[in-house]
Amino acid sequence: MTKSEEECFRVFVAERMDRWRRTAYLLSRDWHAADDVVSVTVGKLYRHWRKVRAADNPDAYAQRVLARAWLDETARPWRRERATAELPERAMHEPHGFLDRDGLNALLGSLGPRQRAVVVLRYYLDYSVEETAEVLGISAGTVKSQSARGLETLRRQVVPMGGLS
């Protein structure tokens, strides 16, 4: 990589780092895991920088790398285990839903990895069905069904069956 290409890469990454980190956090719900995913993403983008620059939409290319890096990370066995000295307290659901980050974190945690990826891409990053399908490497129909199922799961968590009191 030439010096000018490396400088372009640094600028590209610096301008997007905060967004990538927030997106990775919403997917993983853990800042350390988010940093790991972003690091993997930056490494992959660096290795394939000429390809990234030549892409029609470098931002979409980078987002696809990030989403897939996170999905790969969820498949690792040590990510599925959570060691704890005490059992956590049961979550208290407020009748009108959650308005805080911990509540959002708990809600996103109720979704499986693929549903969470679809919901974050569609409703946090405002991607279209087609863009989400391309980023995750799935069909548009799968995006629609995962969105519907994910939103239904979130609704059940926010408003328990029987409606508001």
# chains A, B, ... in the order shown; residues from 1 in each chain; ligands from 1
$ residues_around --residues "Met17 of chain A" --least-positions-apart "4" --cutoff "12 Å" --atoms "only C-alpha atoms" --output "list in words"
Phe9, Arg10, Val11, Phe12, Val13, Arg21, Arg22, Thr23, Ala24, Ala34, Asp35, Val37, Val38, Ser39, Thr41, Val42, Asp59, Ala62, Gln63 and Leu66 of chain A
$ residues_around --residues "segment 114-123 of chain A" --least-positions-apart "6" --cutoff "7 Å" --atoms "only C-alpha atoms" --output "ChimeraX atom specification"
/A:26-27,108,132,143,146-147,150
$ atom_distance --atom1 "atom CA of Tyr127 of chain A" --atom2 "atom CA of Arg47 of chain A"
26.0 Å
$ atom_distance --atom1 "atom CA of Arg53 of chain A" --atom2 "atom CA of Glu5 of chain A"
9.4 Å
$ closest_residue --among "A:Gly43, A:Ser145, A:Ala67, A:Lys3" --to "Leu125 of chain A" --atoms "only C-alpha atoms"
A:Ala67
$ residues_around --residues "Ser110 of chain A" --least-positions-apart "6" --cutoff "12 Å" --atoms "only C-alpha atoms" --output "list in words"
Leu27, Ser28, Arg29, Ala91, Gly103, Leu104, Arg116, Val119, Arg149, Gly150, Leu151, Glu152, Thr153, Leu154, Arg155, Arg156, Gln157 and Val158 of chain A
$ closest_residue --among "A:Tyr124, A:Tyr25, A:Trp70, A:Tyr61" --to "Leu45 of chain A" --atoms "only C-alpha atoms"
A:Tyr61
$ decode --residues "segment 123-161 of chain A" --atoms "N, CA and C atoms" --output "PDB file, in the first residue's frame"
ATOM      1  N   TYR A 123     -33.651  -0.771  11.688  1.00  0.00           N
ATOM      2  CA  TYR A 123     -34.309   0.265  12.468  1.00  0.00           C
ATOM      3  C   TYR A 123     -33.362   1.213  13.190  1.00  0.00           C
ATOM      4  N   TYR A 124     -32.109   0.841  13.372  1.00  0.00           N
ATOM      5  CA  TYR A 124     -31.148   1.775  13.951  1.00  0.00           C
ATOM      6  C   TYR A 124     -30.370   2.484  12.840  1.00  0.00           C
ATOM      7  N   LEU A 125     -29.893   1.713  11.871  1.00  0.00           N
ATOM      8  CA  LEU A 125     -29.125   2.295  10.775  1.00  0.00           C
ATOM      9  C   LEU A 125     -30.008   2.701   9.594  1.00  0.00           C
ATOM     10  N   ASP A 126     -31.291   2.370   9.661  1.00  0.00           N
ATOM     11  CA  ASP A 126     -32.265   2.761   8.639  1.00  0.00           C
ATOM     12  C   ASP A 126     -31.927   2.212   7.254  1.00  0.00           C
ATOM     13  N   TYR A 127     -31.462   0.971   7.217  1.00  0.00           N
ATOM     14  CA  TYR A 127     -31.186   0.314   5.943  1.00  0.00           C
ATOM     15  C   TYR A 127     -32.493  -0.183   5.346  1.00  0.00           C
ATOM     16  N   SER A 128     -32.540  -0.246   4.031  1.00  0.00           N
ATOM     17  CA  SER A 128     -33.703  -0.828   3.356  1.00  0.00           C
ATOM     18  C   SER A 128     -33.643  -2.346   3.496  1.00  0.00           C
ATOM     19  N   VAL A 129     -34.730  -3.011   3.124  1.00  0.00           N
ATOM     20  CA  VAL A 129     -34.756  -4.472   3.151  1.00  0.00           C
ATOM     21  C   VAL A 129     -33.639  -5.017   2.262  1.00  0.00           C
ATOM     22  N   GLU A 130     -33.501  -4.441   1.076  1.00  0.00           N
ATOM     23  CA  GLU A 130     -32.501  -4.916   0.120  1.00  0.00           C
ATOM     24  C   GLU A 130     -31.077  -4.684   0.630  1.00  0.00           C
ATOM     25  N   GLU A 131     -30.823  -3.516   1.226  1.00  0.00           N
ATOM     26  CA  GLU A 131     -29.494  -3.228   1.768  1.00  0.00           C
ATOM     27  C   GLU A 131     -29.162  -4.179   2.913  1.00  0.00           C
ATOM     28  N   THR A 132     -30.135  -4.425   3.780  1.00  0.00           N
ATOM     29  CA  THR A 132     -29.925  -5.343   4.896  1.00  0.00           C
ATOM     30  C   THR A 132     -29.630  -6.750   4.379  1.00  0.00           C
ATOM     31  N   ALA A 133     -30.384  -7.182   3.368  1.00  0.00           N
ATOM     32  CA  ALA A 133     -30.173  -8.510   2.778  1.00  0.00           C
ATOM     33  C   ALA A 133     -28.766  -8.619   2.207  1.00  0.00           C
ATOM     34  N   GLU A 134     -28.325  -7.566   1.530  1.00  0.00           N
ATOM     35  CA  GLU A 134     -26.994  -7.590   0.928  1.00  0.00           C
ATOM     36  C   GLU A 134     -25.900  -7.635   1.993  1.00  0.00           C
ATOM     37  N   VAL A 135     -26.047  -6.814   3.031  1.00  0.00           N
ATOM     38  CA  VAL A 135     -25.039  -6.766   4.091  1.00  0.00           C
ATOM     39  C   VAL A 135     -24.907  -8.116   4.790  1.00  0.00           C
ATOM     40  N   LEU A 136     -26.038  -8.759   5.075  1.00  0.00           N
ATOM     41  CA  LEU A 136     -26.016 -10.016   5.823  1.00  0.00           C
ATOM     42  C   LEU A 136     -25.895 -11.247   4.934  1.00  0.00           C
ATOM     43  N   GLY A 137     -25.995 -11.046   3.622  1.00  0.00           N
ATOM     44  CA  GLY A 137     -25.880 -12.185   2.709  1.00  0.00           C
ATOM     45  C   GLY A 137     -27.076 -13.126   2.786  1.00  0.00           C
ATOM     46  N   ILE A 138     -28.275 -12.556   2.976  1.00  0.00           N
ATOM     47  CA  ILE A 138     -29.502 -13.346   3.053  1.00  0.00           C
ATOM     48  C   ILE A 138     -30.509 -12.767   2.069  1.00  0.00           C
ATOM     49  N   SER A 139     -31.621 -13.460   1.876  1.00  0.00           N
ATOM     50  CA  SER A 139     -32.633 -12.981   0.930  1.00  0.00           C
ATOM     51  C   SER A 139     -33.477 -11.865   1.557  1.00  0.00           C
ATOM     52  N   ALA A 140     -34.127 -11.077   0.696  1.00  0.00           N
ATOM     53  CA  ALA A 140     -35.015 -10.018   1.171  1.00  0.00           C
ATOM     54  C   ALA A 140     -36.170 -10.611   1.972  1.00  0.00           C
ATOM     55  N   GLY A 141     -36.658 -11.776   1.560  1.00  0.00           N
ATOM     56  CA  GLY A 141     -37.731 -12.439   2.295  1.00  0.00           C
ATOM     57  C   GLY A 141     -37.311 -12.812   3.709  1.00  0.00           C
ATOM     58  N   THR A 142     -36.066 -13.256   3.850  1.00  0.00           N
ATOM     59  CA  THR A 142     -35.553 -13.588   5.183  1.00  0.00           C
ATOM     60  C   THR A 142     -35.458 -12.333   6.042  1.00  0.00           C
ATOM     61  N   VAL A 143     -35.038 -11.234   5.441  1.00  0.00           N
ATOM     62  CA  VAL A 143     -34.969  -9.960   6.189  1.00  0.00           C
ATOM     63  C   VAL A 143     -36.365  -9.600   6.695  1.00  0.00           C
ATOM     64  N   LYS A 144     -37.359  -9.710   5.826  1.00  0.00           N
ATOM     65  CA  LYS A 144     -38.730  -9.357   6.214  1.00  0.00           C
ATOM     66  C   LYS A 144     -39.244 -10.258   7.331  1.00  0.00           C
ATOM     67  N   SER A 145     -39.021 -11.559   7.199  1.00  0.00           N
ATOM     68  CA  SER A 145     -39.533 -12.469   8.232  1.00  0.00           C
ATOM     69  C   SER A 145     -38.781 -12.292   9.550  1.00  0.00           C
ATOM     70  N   GLN A 146     -37.451 -12.085   9.478  1.00  0.00           N
ATOM     71  CA  GLN A 146     -36.676 -11.868  10.698  1.00  0.00           C
ATOM     72  C   GLN A 146     -37.057 -10.544  11.357  1.00  0.00           C
ATOM     73  N   SER A 147     -37.342  -9.520  10.543  1.00  0.00           N
ATOM     74  CA  SER A 147     -37.801  -8.235  11.090  1.00  0.00           C
ATOM     75  C   SER A 147     -39.118  -8.412  11.825  1.00  0.00           C
ATOM     76  N   ALA A 148     -40.060  -9.088  11.175  1.00  0.00           N
ATOM     77  CA  ALA A 148     -41.383  -9.283  11.786  1.00  0.00           C
ATOM     78  C   ALA A 148     -41.273 -10.078  13.076  1.00  0.00           C
ATOM     79  N   ARG A 149     -40.527 -11.148  13.048  1.00  0.00           N
ATOM     80  CA  ARG A 149     -40.365 -11.977  14.262  1.00  0.00           C
ATOM     81  C   ARG A 149     -39.637 -11.224  15.357  1.00  0.00           C
ATOM     82  N   GLY A 150     -38.596 -10.495  14.973  1.00  0.00           N
ATOM     83  CA  GLY A 150     -37.837  -9.728  15.961  1.00  0.00           C
ATOM     84  C   GLY A 150     -38.684  -8.649  16.608  1.00  0.00           C
ATOM     85  N   LEU A 151     -39.444  -7.913  15.797  1.00  0.00           N
ATOM     86  CA  LEU A 151     -40.314  -6.870  16.353  1.00  0.00           C
ATOM     87  C   LEU A 151     -41.399  -7.469  17.236  1.00  0.00           C
ATOM     88  N   GLU A 152     -41.938  -8.609  16.845  1.00  0.00           N
ATOM     89  CA  GLU A 152     -42.951  -9.268  17.682  1.00  0.00           C
ATOM     90  C   GLU A 152     -42.356  -9.678  19.025  1.00  0.00           C
ATOM     91  N   THR A 153     -41.142 -10.207  19.005  1.00  0.00           N
ATOM     92  CA  THR A 153     -40.459 -10.573  20.254  1.00  0.00           C
ATOM     93  C   THR A 153     -40.259  -9.337  21.126  1.00  0.00           C
ATOM     94  N   LEU A 154     -39.833  -8.241  20.517  1.00  0.00           N
ATOM     95  CA  LEU A 154     -39.624  -6.999  21.279  1.00  0.00           C
ATOM     96  C   LEU A 154     -40.937  -6.480  21.848  1.00  0.00           C
ATOM     97  N   ARG A 155     -42.005  -6.538  21.065  1.00  0.00           N
ATOM     98  CA  ARG A 155     -43.318  -6.079  21.552  1.00  0.00           C
ATOM     99  C   ARG A 155     -43.766  -6.906  22.755  1.00  0.00           C
ATOM    100  N   ARG A 156     -43.574  -8.215  22.695  1.00  0.00           N
ATOM    101  CA  ARG A 156     -43.965  -9.075  23.822  1.00  0.00           C
ATOM    102  C   ARG A 156     -43.164  -8.731  25.070  1.00  0.00           C
ATOM    103  N   GLN A 157     -41.918  -8.331  24.901  1.00  0.00           N
ATOM    104  CA  GLN A 157     -41.082  -7.970  26.042  1.00  0.00           C
ATOM    105  C   GLN A 157     -41.519  -6.634  26.643  1.00  0.00           C
ATOM    106  N   VAL A 158     -41.867  -5.687  25.781  1.00  0.00           N
ATOM    107  CA  VAL A 158     -42.217  -4.332  26.244  1.00  0.00           C
ATOM    108  C   VAL A 158     -43.639  -4.305  26.799  1.00  0.00           C
ATOM    109  N   VAL A 159     -44.582  -4.925  26.118  1.00  0.00           N
ATOM    110  CA  VAL A 159     -45.969  -4.943  26.560  1.00  0.00           C
ATOM    111  C   VAL A 159     -46.354  -6.400  26.769  1.00  0.00           C
ATOM    112  N   PRO A 160     -46.332  -6.860  28.033  1.00  0.00           N
ATOM    113  CA  PRO A 160     -46.698  -8.248  28.311  1.00  0.00           C
ATOM    114  C   PRO A 160     -48.094  -8.566  27.772  1.00  0.00           C
ATOM    115  N   MET A 161     -48.314  -9.827  27.473  1.00  0.00           N
ATOM    116  CA  MET A 161     -49.623 -10.260  26.951  1.00  0.00           C
ATOM    117  C   MET A 161     -50.731  -9.757  27.875  1.00  0.00           C
TER     118      MET A 161
END
